[in-house]
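Trainee: Pasting query_31.cif here (mmCIF, C-alpha atoms and all ligand atoms):
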```cif
data_data
loop_
_atom_site.label_atom_id
_atom_site.label_comp_id
_atom_site.auth_asym_id
_atom_site.auth_seq_id
_atom_site.Cartn_x
_atom_site.Cartn_y
_atom_site.Cartn_z
CA MET A 1334 129.29 152.80 194.27
CA ARG A 1335 131.01 153.20 197.60
CA ARG A 1336 134.63 153.97 198.33
CA VAL A 1337 135.48 151.70 201.22
CA LEU A 1338 138.49 151.68 203.54
CA ILE A 1339 138.97 148.43 205.46
CA THR A 1340 141.62 148.80 208.14
CA GLY A 1341 143.30 145.58 209.22
CA GLY A 1342 142.05 143.86 206.07
CA ALA A 1343 145.00 141.44 206.10
CA GLY A 1344 144.05 140.17 209.56
CA PHE A 1345 141.57 137.41 210.38
CA LEU A 1346 138.20 139.20 210.53
CA GLY A 1347 139.32 141.96 208.15
CA ALA A 1348 140.31 139.48 205.42
CA ASN A 1349 137.05 137.57 205.80
CA PHE A 1350 135.15 140.85 205.51
CA THR A 1351 137.17 142.06 202.48
CA HIS A 1352 136.24 138.87 200.59
CA TYR A 1353 132.64 139.11 201.77
CA TRP A 1354 132.22 142.75 200.72
CA LEU A 1355 133.90 142.45 197.30
CA ALA A 1356 131.82 139.36 196.49
CA ARG A 1357 128.60 141.31 197.15
CA HIS A 1358 129.55 144.84 196.06
CA SER A 1359 131.63 144.21 192.98
CA GLY A 1360 131.34 147.84 191.82
CA ASP A 1361 132.76 149.29 195.06
CA ARG A 1362 136.30 150.55 195.40
CA VAL A 1363 137.87 148.64 198.32
CA VAL A 1364 141.10 149.82 199.89
CA VAL A 1365 142.75 147.69 202.57
CA PHE A 1366 145.02 149.61 204.93
CA ASP A 1367 147.14 147.25 206.97
CA ALA A 1368 150.43 147.50 208.90
CA LEU A 1369 151.24 143.81 208.27
CA THR A 1370 152.21 143.18 211.86
CA TYR A 1371 152.84 139.56 212.87
CA ALA A 1372 149.12 138.76 212.54
CA GLY A 1373 148.62 140.46 209.18
CA ASN A 1374 148.99 138.23 206.16
CA ARG A 1375 148.90 139.52 202.62
CA THR A 1376 148.37 136.01 201.25
CA SER A 1377 144.95 136.03 202.93
CA LEU A 1378 144.00 138.57 200.25
CA ALA A 1379 145.57 136.71 197.30
CA ALA A 1380 142.18 135.98 195.72
CA VAL A 1381 141.32 139.69 195.38
CA GLU A 1382 144.72 141.21 194.59
CA ALA A 1383 144.05 141.15 190.80
CA ASN A 1384 140.65 142.83 191.17
CA PRO A 1385 140.98 146.31 189.58
CA ASN A 1386 138.65 147.74 192.26
CA PHE A 1387 140.96 146.56 195.04
CA ARG A 1388 144.03 148.32 196.42
CA PHE A 1389 146.34 147.30 199.23
CA VAL A 1390 148.07 150.04 201.19
CA HIS A 1391 150.81 149.05 203.60
CA GLY A 1392 150.34 151.57 206.37
CA ASP A 1393 150.18 151.98 210.11
CA LEU A 1394 147.26 153.66 211.88
CA ARG A 1395 149.71 155.15 214.35
CA ASN A 1396 150.98 157.33 211.52
CA ALA A 1397 148.33 160.08 211.38
CA GLU A 1398 149.67 161.50 208.13
CA ALA A 1399 149.49 158.14 206.35
CA VAL A 1400 145.89 157.73 207.53
CA GLU A 1401 144.88 161.20 206.32
CA THR A 1402 146.62 160.62 202.99
CA VAL A 1403 144.82 157.38 202.16
CA MET A 1404 141.45 158.76 203.32
CA GLY A 1405 141.89 161.86 201.17
CA GLU A 1406 143.39 160.39 198.02
CA GLU A 1407 140.77 157.62 197.91
CA ASP A 1408 137.96 160.01 198.93
CA ILE A 1409 136.64 157.34 201.28
CA ASP A 1410 132.96 157.31 202.25
CA LEU A 1411 132.82 154.10 204.29
CA VAL A 1412 135.40 153.15 206.92
CA VAL A 1413 135.23 149.63 208.35
CA HIS A 1414 137.74 149.61 211.17
CA PHE A 1415 139.10 146.17 212.06
CA ALA A 1416 142.77 146.99 212.65
CA ALA A 1417 143.76 146.24 216.22
CA GLU A 1418 146.13 144.33 218.41
CA THR A 1419 143.79 141.57 219.57
CA HIS A 1420 145.50 138.88 221.59
CA VAL A 1421 144.79 139.00 225.33
CA ASP A 1422 147.93 137.05 226.35
CA ARG A 1423 150.17 139.41 224.38
CA SER A 1424 148.49 142.43 225.98
CA ILE A 1425 149.33 141.01 229.40
CA ASP A 1426 153.00 140.55 228.44
CA ASP A 1427 153.40 143.86 226.62
CA PRO A 1428 150.49 146.32 226.62
CA ASP A 1429 152.17 149.28 224.85
CA ALA A 1430 151.20 148.40 221.27
CA PHE A 1431 147.60 147.90 222.40
CA VAL A 1432 147.39 151.49 223.58
CA THR A 1433 149.15 153.02 220.59
CA THR A 1434 147.37 151.00 217.88
CA ASN A 1435 143.94 150.47 219.40
CA VAL A 1436 143.50 153.85 221.07
CA VAL A 1437 145.78 156.34 219.29
CA GLY A 1438 145.31 154.55 215.94
CA THR A 1439 141.53 154.66 216.24
CA HIS A 1440 141.72 158.32 217.13
CA ASN A 1441 143.86 159.08 214.06
CA LEU A 1442 141.24 157.40 211.91
CA LEU A 1443 138.34 159.26 213.56
CA ARG A 1444 140.12 162.57 213.14
CA ALA A 1445 140.85 161.88 209.46
CA ALA A 1446 137.20 160.90 208.83
CA ARG A 1447 135.94 164.00 210.59
CA SER A 1448 138.18 166.30 208.61
CA LEU A 1449 137.34 164.60 205.27
CA TRP A 1450 133.57 164.48 205.84
CA HIS A 1451 133.16 167.91 207.46
CA ASN A 1452 131.04 170.09 205.18
CA ARG A 1453 131.09 167.44 202.47
CA PRO A 1454 128.47 168.02 199.74
CA ALA A 1455 125.64 165.45 199.79
CA ARG A 1456 126.13 162.31 197.70
CA ASP A 1457 124.18 159.16 196.88
CA THR A 1458 125.81 157.33 199.77
CA ALA A 1459 126.07 158.94 203.18
CA PRO A 1460 129.44 158.51 204.90
CA ARG A 1461 129.77 155.94 207.68
CA PHE A 1462 132.45 154.98 210.17
CA HIS A 1463 131.92 151.44 211.43
CA HIS A 1464 134.07 150.35 214.37
CA VAL A 1465 134.55 146.63 215.01
CA SER A 1466 134.85 145.92 218.71
CA THR A 1467 134.58 143.08 221.19
CA ASP A 1468 132.42 141.72 223.99
CA GLU A 1469 135.52 141.80 226.20
CA VAL A 1470 134.84 145.48 226.96
CA TYR A 1471 132.04 144.29 229.28
CA GLY A 1472 134.34 142.18 231.50
CA ALA A 1473 133.42 138.75 232.85
CA LEU A 1474 130.04 137.16 233.60
CA ARG A 1475 129.21 134.89 236.53
CA PRO A 1476 127.51 131.58 235.61
CA GLU A 1477 124.04 132.76 236.66
CA GLU A 1478 124.19 136.22 235.05
CA PRO A 1479 122.31 137.05 231.85
CA PRO A 1480 124.40 137.78 228.73
CA PHE A 1481 125.82 141.25 228.09
CA THR A 1482 123.52 143.74 226.41
CA GLU A 1483 124.43 147.04 224.78
CA ALA A 1484 123.48 148.70 228.08
CA THR A 1485 125.94 146.66 230.19
CA ALA A 1486 128.51 148.93 231.83
CA TYR A 1487 132.05 148.58 230.53
CA ALA A 1488 134.38 146.71 232.93
CA PRO A 1489 137.37 145.50 230.88
CA SER A 1490 139.77 143.04 232.52
CA SER A 1491 142.88 142.89 230.31
CA PRO A 1492 144.94 145.71 228.79
CA TYR A 1493 143.58 144.52 225.42
CA ALA A 1494 139.96 144.86 226.54
CA ALA A 1495 140.69 148.23 228.17
CA SER A 1496 142.23 149.53 224.94
CA LYS A 1497 139.17 148.44 222.93
CA ALA A 1498 136.88 150.05 225.54
CA ALA A 1499 138.82 153.31 225.22
CA ALA A 1500 138.51 153.14 221.41
CA ASP A 1501 134.74 152.54 221.68
CA HIS A 1502 134.41 155.60 223.93
CA LEU A 1503 136.31 157.72 221.41
CA VAL A 1504 134.03 156.55 218.60
CA ARG A 1505 130.94 157.45 220.66
CA ALA A 1506 132.43 160.79 221.64
CA TYR A 1507 133.07 161.66 217.98
CA HIS A 1508 129.43 160.93 217.26
CA ARG A 1509 128.09 162.91 220.22
CA THR A 1510 130.48 165.85 219.89
CA TYR A 1511 131.03 166.20 216.16
CA GLY A 1512 128.09 164.27 214.71
CA LEU A 1513 130.37 161.76 212.99
CA PRO A 1514 128.10 159.05 211.55
CA THR A 1515 129.44 156.08 213.52
CA THR A 1516 128.21 152.59 214.34
CA ILE A 1517 129.90 150.03 216.60
CA SER A 1518 129.58 146.25 216.72
CA ASN A 1519 130.79 144.24 219.73
CA CYS A 1520 131.25 140.61 218.82
CA SER A 1521 131.81 137.45 220.78
CA ASN A 1522 134.65 134.96 220.07
CA CYS A 1523 135.00 134.47 216.33
CA PHE A 1524 136.52 131.54 214.47
CA GLY A 1525 136.93 130.46 210.85
CA PRO A 1526 139.39 130.76 207.93
CA TYR A 1527 142.54 132.90 208.11
CA GLN A 1528 142.72 133.03 211.93
CA TYR A 1529 146.25 133.35 213.29
CA PRO A 1530 147.16 130.23 215.29
CA GLU A 1531 147.62 132.00 218.61
CA LYS A 1532 143.85 131.85 219.20
CA LEU A 1533 142.32 128.76 220.76
CA ILE A 1534 140.64 127.09 217.75
CA PRO A 1535 143.38 127.34 215.09
CA LEU A 1536 146.06 126.66 217.70
CA VAL A 1537 144.30 123.45 218.73
CA ILE A 1538 143.79 122.33 215.12
CA ILE A 1539 147.46 122.83 214.26
CA HIS A 1540 148.68 121.18 217.46
CA LEU A 1541 146.36 118.23 216.86
CA LEU A 1542 147.81 117.71 213.38
CA GLY A 1543 151.38 118.01 214.66
CA GLY A 1544 150.85 115.78 217.72
CA ARG A 1545 151.68 118.62 220.12
CA PRO A 1546 150.03 119.25 223.53
CA LEU A 1547 146.74 121.16 223.55
CA PRO A 1548 147.24 123.74 226.32
CA LEU A 1549 144.05 124.38 228.27
CA TYR A 1550 144.31 127.25 230.72
CA GLY A 1551 143.24 126.52 234.31
CA ASP A 1552 140.50 123.90 234.50
CA GLY A 1553 139.26 124.49 230.93
CA GLY A 1554 135.91 125.51 232.39
CA GLN A 1555 135.89 129.05 230.99
CA VAL A 1556 132.92 129.76 228.78
CA ARG A 1557 133.06 131.52 225.41
CA ASP A 1558 130.20 132.35 223.00
CA TRP A 1559 131.42 131.32 219.53
CA LEU A 1560 130.46 133.06 216.29
CA HIS A 1561 131.60 131.98 212.83
CA ALA A 1562 133.51 134.61 210.82
CA ALA A 1563 130.90 134.40 208.02
CA ASP A 1564 128.13 135.27 210.50
CA HIS A 1565 130.30 138.10 211.82
CA CYS A 1566 130.67 139.49 208.27
CA ARG A 1567 126.90 139.45 207.85
CA GLY A 1568 126.42 141.24 211.18
CA VAL A 1569 128.92 143.98 210.35
CA ALA A 1570 127.41 144.48 206.88
CA LEU A 1571 123.92 144.74 208.42
CA ALA A 1572 125.13 147.30 210.97
CA ILE A 1573 126.57 149.36 208.10
CA GLU A 1574 123.50 149.05 205.89
CA ARG A 1575 120.68 149.17 208.44
CA GLY A 1576 122.29 150.46 211.62
CA VAL A 1577 121.47 153.89 213.02
CA PRO A 1578 124.39 156.33 213.43
CA GLY A 1579 125.40 156.59 217.08
CA GLN A 1580 124.20 153.06 217.87
CA THR A 1581 126.01 149.97 219.10
CA TYR A 1582 125.04 146.40 218.16
CA ASN A 1583 126.14 143.24 219.95
CA LEU A 1584 126.90 140.33 217.63
CA GLY A 1585 126.84 137.04 219.53
CA GLY A 1586 126.49 133.46 218.38
CA ALA A 1587 124.03 132.32 221.14
CA ASN A 1588 126.50 129.46 221.40
CA GLU A 1589 128.12 129.24 224.84
CA ARG A 1590 130.67 126.46 225.33
CA ARG A 1591 133.25 125.58 227.93
CA ASN A 1592 136.75 125.55 226.46
CA LEU A 1593 137.15 121.88 227.32
CA GLU A 1594 134.00 121.04 225.34
CA THR A 1595 135.19 123.07 222.33
CA VAL A 1596 138.57 121.33 222.37
CA ARG A 1597 136.94 117.90 222.71
CA MET A 1598 134.67 118.67 219.72
CA LEU A 1599 137.74 119.54 217.65
CA CYS A 1600 139.47 116.32 218.77
CA ASN A 1601 136.46 114.28 217.66
CA LEU A 1602 136.30 116.03 214.30
CA VAL A 1603 139.99 115.36 213.69
CA ASP A 1604 139.59 111.69 214.66
CA GLU A 1605 136.62 111.39 212.28
CA ALA A 1606 138.49 113.13 209.44
CA PHE A 1607 141.50 110.81 209.78
CA ALA A 1608 139.25 107.74 209.98
CA GLY A 1609 137.54 108.79 206.75
CA ASP A 1610 140.67 109.74 204.79
CA PRO A 1611 143.82 107.57 205.10
CA ALA A 1612 145.85 110.19 203.20
CA LEU A 1613 145.64 112.45 206.29
CA GLY A 1614 147.62 109.93 208.33
CA ARG A 1615 150.40 110.10 205.72
CA ARG A 1616 150.32 113.93 205.63
CA PHE A 1617 150.34 114.31 209.41
CA PRO A 1618 152.18 111.24 210.77
CA ASP A 1619 152.69 112.75 214.26
CA ALA A 1620 148.96 113.26 214.89
CA PRO A 1621 147.53 110.81 217.45
CA ALA A 1622 144.78 110.10 214.92
CA ALA A 1623 147.45 108.78 212.53
CA ASN A 1624 148.63 106.35 215.21
CA ARG A 1625 145.33 104.84 216.34
CA LYS A 1626 145.27 107.07 219.43
CA GLU A 1627 142.53 109.45 220.46
CA SER A 1628 143.25 113.13 219.87
CA THR A 1629 141.98 113.93 223.39
CA SER A 1630 145.17 112.30 224.72
CA LEU A 1631 146.91 115.59 223.87
CA ILE A 1632 144.76 117.71 226.23
CA THR A 1633 147.09 119.28 228.79
CA PHE A 1634 146.01 121.59 231.61
CA VAL A 1635 148.43 124.50 232.05
CA PRO A 1636 148.55 127.46 234.49
CA ASP A 1637 145.69 129.91 234.03
CA ARG A 1638 145.90 133.27 232.24
CA PRO A 1639 146.20 136.15 234.80
CA GLY A 1640 142.86 137.94 235.20
CA HIS A 1641 141.21 135.31 232.98
CA ASP A 1642 137.55 136.19 232.33
CA ARG A 1643 135.49 133.15 233.31
CA ARG A 1644 132.60 133.64 230.97
CA TYR A 1645 131.48 135.82 228.05
CA ALA A 1646 128.05 135.72 226.48
CA VAL A 1647 126.40 138.29 224.28
CA GLU A 1648 122.71 139.11 223.92
CA ALA A 1649 122.20 139.82 220.22
CA ALA A 1650 118.46 140.63 220.45
CA LYS A 1651 118.94 144.25 219.36
CA ALA A 1652 120.88 143.20 216.24
CA ARG A 1653 118.27 140.51 215.56
CA CYS A 1654 115.26 142.83 215.91
CA GLU A 1655 116.67 146.03 214.43
CA LEU A 1656 119.07 144.67 211.79
CA GLY A 1657 117.69 141.20 211.01
CA PHE A 1658 120.93 139.56 212.20
CA ASP A 1659 120.73 135.76 212.42
CA PRO A 1660 123.90 133.85 213.30
CA GLY A 1661 122.90 130.75 211.41
CA MET A 1662 126.03 128.59 211.52
CA ASP A 1663 125.74 125.39 213.57
CA PHE A 1664 128.81 125.18 215.83
CA ASN A 1665 129.88 121.64 214.98
CA ALA A 1666 129.38 122.32 211.24
CA GLY A 1667 131.37 125.56 211.58
CA LEU A 1668 134.20 123.75 213.35
CA ARG A 1669 134.22 121.03 210.67
CA GLU A 1670 134.34 123.65 207.92
CA THR A 1671 137.17 125.44 209.75
CA LEU A 1672 139.12 122.19 210.16
CA ASP A 1673 138.65 121.52 206.42
CA TRP A 1674 139.94 125.00 205.63
CA TYR A 1675 143.13 124.43 207.68
CA LEU A 1676 143.58 120.98 206.07
CA THR A 1677 143.20 122.48 202.59
CA ASN A 1678 145.35 125.53 203.27
CA GLU A 1679 148.38 123.98 204.91
CA PRO A 1680 150.87 126.31 203.09
CA TRP A 1681 149.05 129.32 204.62
CA TRP A 1682 149.68 128.21 208.20
CA ASN A 1683 153.00 126.44 207.56
CA ALA A 1684 154.42 129.81 206.52
CA ILE A 1685 153.35 131.17 209.92
CA LEU A 1686 154.89 128.23 211.79
CA ASP A 1687 158.15 128.92 209.92
CA ASP A 1688 158.08 132.62 210.83
CA ASP A 1689 160.58 133.49 213.57
CA ARG A 1690 158.01 135.77 215.20
CA TYR A 1691 155.68 132.80 215.70
CA ARG A 1692 158.48 130.45 216.76
CA SER A 1693 159.76 132.79 219.47
CA TRP A 1694 156.24 133.49 220.72
CA ILE A 1695 155.28 129.83 220.99
CA ALA A 1696 158.64 128.97 222.63
CA ALA A 1697 157.97 131.66 225.25
CA GLN A 1698 154.47 130.27 225.89
CA TYR A 1699 155.87 126.86 226.74
CA SER A 1700 158.78 128.05 228.84
CA ARG A 1701 156.54 129.68 231.47
O1 LIG B 1801 135.37 137.70 222.86
C1 LIG B 1801 135.99 138.29 221.76
C2 LIG B 1801 137.46 138.12 221.89
O2 LIG B 1801 137.77 136.77 221.66
C3 LIG B 1801 138.26 139.00 220.93
O3 LIG B 1801 138.01 140.33 221.23
C4 LIG B 1801 139.75 138.72 221.09
O4 LIG B 1801 140.48 139.47 220.17
C5 LIG B 1801 139.99 137.27 220.86
O5 LIG B 1801 141.36 136.98 221.09
C6 LIG B 1801 139.11 136.42 221.76
O6 LIG B 1801 139.58 136.49 223.11
P1 LIG B 1801 139.84 135.21 224.00
O7 LIG B 1801 140.91 135.52 224.96
O8 LIG B 1801 138.57 134.66 224.55
O9 LIG B 1801 140.36 134.19 222.82
P2 LIG B 1801 141.46 133.07 222.84
O10 LIG B 1801 141.30 132.30 221.58
O11 LIG B 1801 142.80 133.58 223.17
O12 LIG B 1801 140.99 132.14 224.04
C7 LIG B 1801 139.72 131.53 224.05
C8 LIG B 1801 139.60 130.82 225.38
O13 LIG B 1801 140.50 129.71 225.38
C9 LIG B 1801 140.00 131.67 226.58
O14 LIG B 1801 139.19 131.30 227.69
C10 LIG B 1801 141.45 131.28 226.83
C11 LIG B 1801 141.47 129.83 226.42
N1 LIG B 1801 142.76 129.34 225.88
C12 LIG B 1801 143.32 130.04 224.85
C13 LIG B 1801 144.51 129.62 224.29
C14 LIG B 1801 145.16 130.39 223.17
C15 LIG B 1801 143.32 128.18 226.38
O15 LIG B 1801 142.77 127.53 227.30
N2 LIG B 1801 144.51 127.76 225.83
C16 LIG B 1801 145.13 128.43 224.81
O16 LIG B 1801 146.23 128.00 224.36
#
```
Show how you would write the structure in this file as structure tokens.
Mentor:
Amino acid sequence: MRRVLITGGAGFLGANFTHYWLARHSGDRVVVFDALTYAGNRTSLAAVEANPNFRFVHGDLRNAEAVETVMGEEDIDLVVHFAAETHVDRSIDDPDAFVTTNVVGTHNLLRAARSLWHNRPARDTAPRFHHVSTDEVYGALRPEEPPFTEATAYAPSSPYAASKAAADHLVRAYHRTYGLPTTISNCSNCFGPYQYPEKLIPLVIIHLLGGRPLPLYGDGGQVRDWLHAADHCRGVALAIERGVPGQTYNLGGANERRNLETVRMLCNLVDEAFAGDPALGRRFPDAPAANRKESTSLITFVPDRPGHDRRYAVEAAKARCELGFDPGMDFNAGLRETLDWYLTNEPWWNAILDDDRYRSWIAAQYSR
């Protein structure tokens, strides 16, 4: 039995991982530590709240004392660190929270793990600190360049990416200096259930259903390497179970797409879904698909993001060879499954659309 702390477990990737881990390790104690910022959503954990092995702690990583308390009272032996401010556009508008949460917060967690695990008597399960990071630390790729490997030098573009790079360096330094048993995974663009609709895929799905413009930055020619959240969970679990302390593993989907192509695929899936189910037209009367129009009619090119990275792509050969990682999800099937999830879970995202924090953010996006 392991005593697991999942930071940011009420966020997108953290919630997916919490469900994944509890479904496979039913005897483990799982504690989610989450500040419930705008992107944290306790309802994403509704299915596990009644599990006696699960505990939710409302806490902020920036509060070092709160971090030490939960680590100590739960006697944690596995930390899976998802908590972060993650949205590039927000980091451009207001970088402060990215530095305090992603850098100082990560340091608070490292320090608490070091102090708890220092001179700890041996147990069945060795302690582990797994840090979830991003391919954005590597910067942008030109069209002809090979994908990022774990040896690619860090060159972050946005304040978000710089804050994640700084956190990665701290994790490595704690391994090198203090011998903390750390692993890091750097993933490409993830999508799937429970993703806050500020990110491209859920934003496009919700705008398609509401008949609102689909904002494509610049010429829509930026390339992202998409990885389904379920594949990401498998990759993180493999890094924890088979990864070597001190090592970093890139988790990519080997699935590079231009944004315009991704948005067109979603438009087609929505058109198909409405054609196959007349009830959708009644549920979402403002969708073009409900009015015999093509969803692509909503595509709208808007001014580009400052410093926008043109292309990301991740070489996952190390994770494949050393961990057995295999991102199996077909992209179109993953998008269809994601669309189905948003269609089935309308109350989940309607509550976000009704939240003043979302309303003011989206209003600001469109007033630029
Ligand atoms: O690569 C991993 C990263 O992927 C994560 O570390 C970040 O936390 C996550 O936000 C994501 O970063 P991106 O900036 O690539 O994701 P986002 O969904 O914001 O945008 C995906 C692409 O779509 C990007 O090229 C910007 C573009 N875009 C995005 C939005 C929200 C648009 O064209 N229009 C939009 O409205």
Trainee: Considering all atoms listed in the file, can you say which of A:Arg1461, A:Arg1545, A:His1440, A:Arg1375 comes closest to A:Val1337?
Mentor: A:Arg1461
Trainee: From the options A:Ala1620, A:Ala1612, A:Ala1494, A:Val1363, which residue's atoms come nearest to ligand LIG 1801 (chain B), counting all atoms listed in the file?
Mentor: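 Of A:Ala1620, A:Ala1612, A:Ala1494, A:Val1363, the one nearest ligand LIG 1801 (chain B), counting all atoms listed in the file, is A:Ala1494.
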Trainee: Taking all atoms listed in the file into account, which of A:Ala1445, A:Leu1584, A:Leu1656, A:Leu1599 comes nearest A:Ser1628?
Mentor: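 Selected residue with least distance to A:Ser1628: A:Leu1599.
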Trainee: Counting only C-alpha atoms, which residue out of A:Arg1575, A:His1508, A:Arg1597, A:Arg1395 sits closest to A:Leu1547?
Mentor: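 Closest to A:Leu1547, using only C-alpha atoms: A:Arg1597.
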Trainee: Taking into account all atoms listed in the file, which residue in the set A:Gly1341, A:Pro1660, A:Pro1578, A:Gly1373 is nearest to A:Cys1523?
Mentor: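 So, comparing all the options, the nearest one is A:Pro1660.
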Trainee: In Å to one decimal, how far is atom CA of A:Ala1368 from atom CA of A:Asp1393?
Mentor: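 Spanning atom CA of A:Asp1393 to atom CA of A:Ala1368 is a straight-line distance of 4.6 Å.
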Trainee: Would you give me, as CSV, each residue of chain A having an atom within 6 Å of an atom of ligand LIG 1801 (chain B), along with its shortest atom pair and that distance in Å to one decimal, using only C-alpha atoms and all ligand atoms and sorting by chain and residue number?
Mentor:
```
residue,atom,partner,partner_atom,distance
A:Thr1419,CA,B:LIG1801,O4,4.0
A:His1420,CA,B:LIG1801,O5,4.6
A:Val1421,CA,B:LIG1801,O7,5.2
A:Thr1467,CA,B:LIG1801,O3,4.4
A:Asp1468,CA,B:LIG1801,O1,5.1
A:Glu1469,CA,B:LIG1801,O1,5.3
A:Ser1521,CA,B:LIG1801,O1,4.1
A:Asn1522,CA,B:LIG1801,O2,3.9
A:Glu1531,CA,B:LIG1801,C14,5.4
A:Lys1532,CA,B:LIG1801,O10,3.5
A:Leu1533,CA,B:LIG1801,O10,3.8
A:Pro1548,CA,B:LIG1801,O16,4.8
A:Leu1549,CA,B:LIG1801,O15,3.5
A:Tyr1550,CA,B:LIG1801,O15,3.8
A:Gly1553,CA,B:LIG1801,O15,5.9
A:Gln1555,CA,B:LIG1801,O14,5.2
A:Asn1592,CA,B:LIG1801,O13,5.7
```
Trainee: Set the distance at 6 Å and use only C-alpha atoms: which residues neighbour stretch 1411-1415 of chain A once local chain neighbours fewer than 5 positions away are removed? I'd like the list as a list in words.
Mentor: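 The contact residues come out as Val1337, Leu1338, Ile1339, Thr1340, Gly1341, Gly1347, Pro1460, Arg1461, Phe1462, His1463, His1464 and Val1465 of chain A.
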Trainee: Counting all atoms listed in the file, which residues come within 8 Å of (127.2, 158.1, 217.6), with the point read in the file's coordinates, and could you list them as a list in words?
Mentor: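 The residues that fall inside the cut-off are Val1504, Arg1505, Ala1506, Tyr1507, His1508, Arg1509, Gly1512, Leu1513, Pro1514, Thr1515, Thr1516, Pro1578, Gly1579 and Gln1580 of chain A.
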Trainee: What's around A:Ala1587 at 10 Å? Count all atoms listed in the file, leave out sequence neighbours fewer than 3 positions away in its own chain, and write the answer as a PyMOL selection string.
Mentor: chain A and resi 1480+1521+1558-1560+1584+1590+1646-1649+1659-1661
Trainee: Centre and edge lengths, as lines of an AutoDock Vina configuration file, for the axis-aligned box enclosing every listed atom of stretch 1419-1425 of chain A with 3 Å of padding on each of the six sides, in Å to one decimal?
Mentor:
```
center_x = 147.0
center_y = 139.7
center_z = 224.5
size_x = 12.4
size_y = 11.4
size_z = 15.8
```
Trainee: Would you work out the distance separating atom CA of A:Val1390 from atom CA of A:Val1365, expressed in Å to one decimal?
Mentor: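 If I compute the distance from atom CA of A:Val1390 to atom CA of A:Val1365, I get 6.0 Å.
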Trainee: Pick the closest to A:Ile1632 from A:Ala1697, A:Ala1606, A:Asp1552, A:Leu1668: which is it, counting only C-alpha atoms?
Mentor: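 Closest residue, counting only C-alpha atoms: A:Asp1552.
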Trainee: Counting only C-alpha atoms, which residues come within 7 Å of (132.9, 131.2, 230.1), with the point read in the file's coordinates, and could you list them as a PyMOL selection string?
Mentor: chain A and resi 1554-1557+1591+1643-1645
Trainee: Extract, using all atoms listed in the file, all DNA, RNA and protein residues at most 8 Å from A:Asn1374, discarding same-chain residues fewer than 4 positions from it, and format them as a PDB file with C-alpha atoms, in the coordinates of the input.
Mentor:
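Result written to selection_34.pdb:
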```
ATOM      1  CA  ALA A1343     145.000 141.440 206.100  1.00  0.00           C
ATOM      2  CA  GLY A1344     144.050 140.170 209.560  1.00  0.00           C
ATOM      3  CA  LEU A1369     151.240 143.810 208.270  1.00  0.00           C
ATOM      4  CA  LEU A1378     144.000 138.570 200.250  1.00  0.00           C
TER       5      LEU A1378
END
```
Trainee: Report, in Å to a single decimal, how far apart atom CA of A:Thr1439 and atom CA of A:Phe1345 are.
Mentor: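 Atom CA of A:Thr1439 lies 18.2 Å from atom CA of A:Phe1345.
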Trainee: Using all atoms listed in the file, which protein or nucleic acid residues come within 12 Å of A:Thr1402? Drop anything in the same chain fewer than 5 positions from it, and give the result as a list in words.
Mentor: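 The filter keeps Phe1366, Val1390, Gly1392, Asp1393, Leu1394, Asn1396, Ala1397, Glu1407, Asp1408, Ile1409, Asn1441, Leu1442, Ala1445, Ala1446, Ser1448 and Leu1449 of chain A.
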Trainee: List the neighbours of A:Ala1356 out to 12 Å using all atoms listed in the file; skip same-chain residues closer than 2 positions along the sequence, and give me the result as a VMD selection string.
Mentor: chain A and resid 1349 to 1354 1358 to 1361 1363 1380 to 1381 1384 1386 to 1387 1566
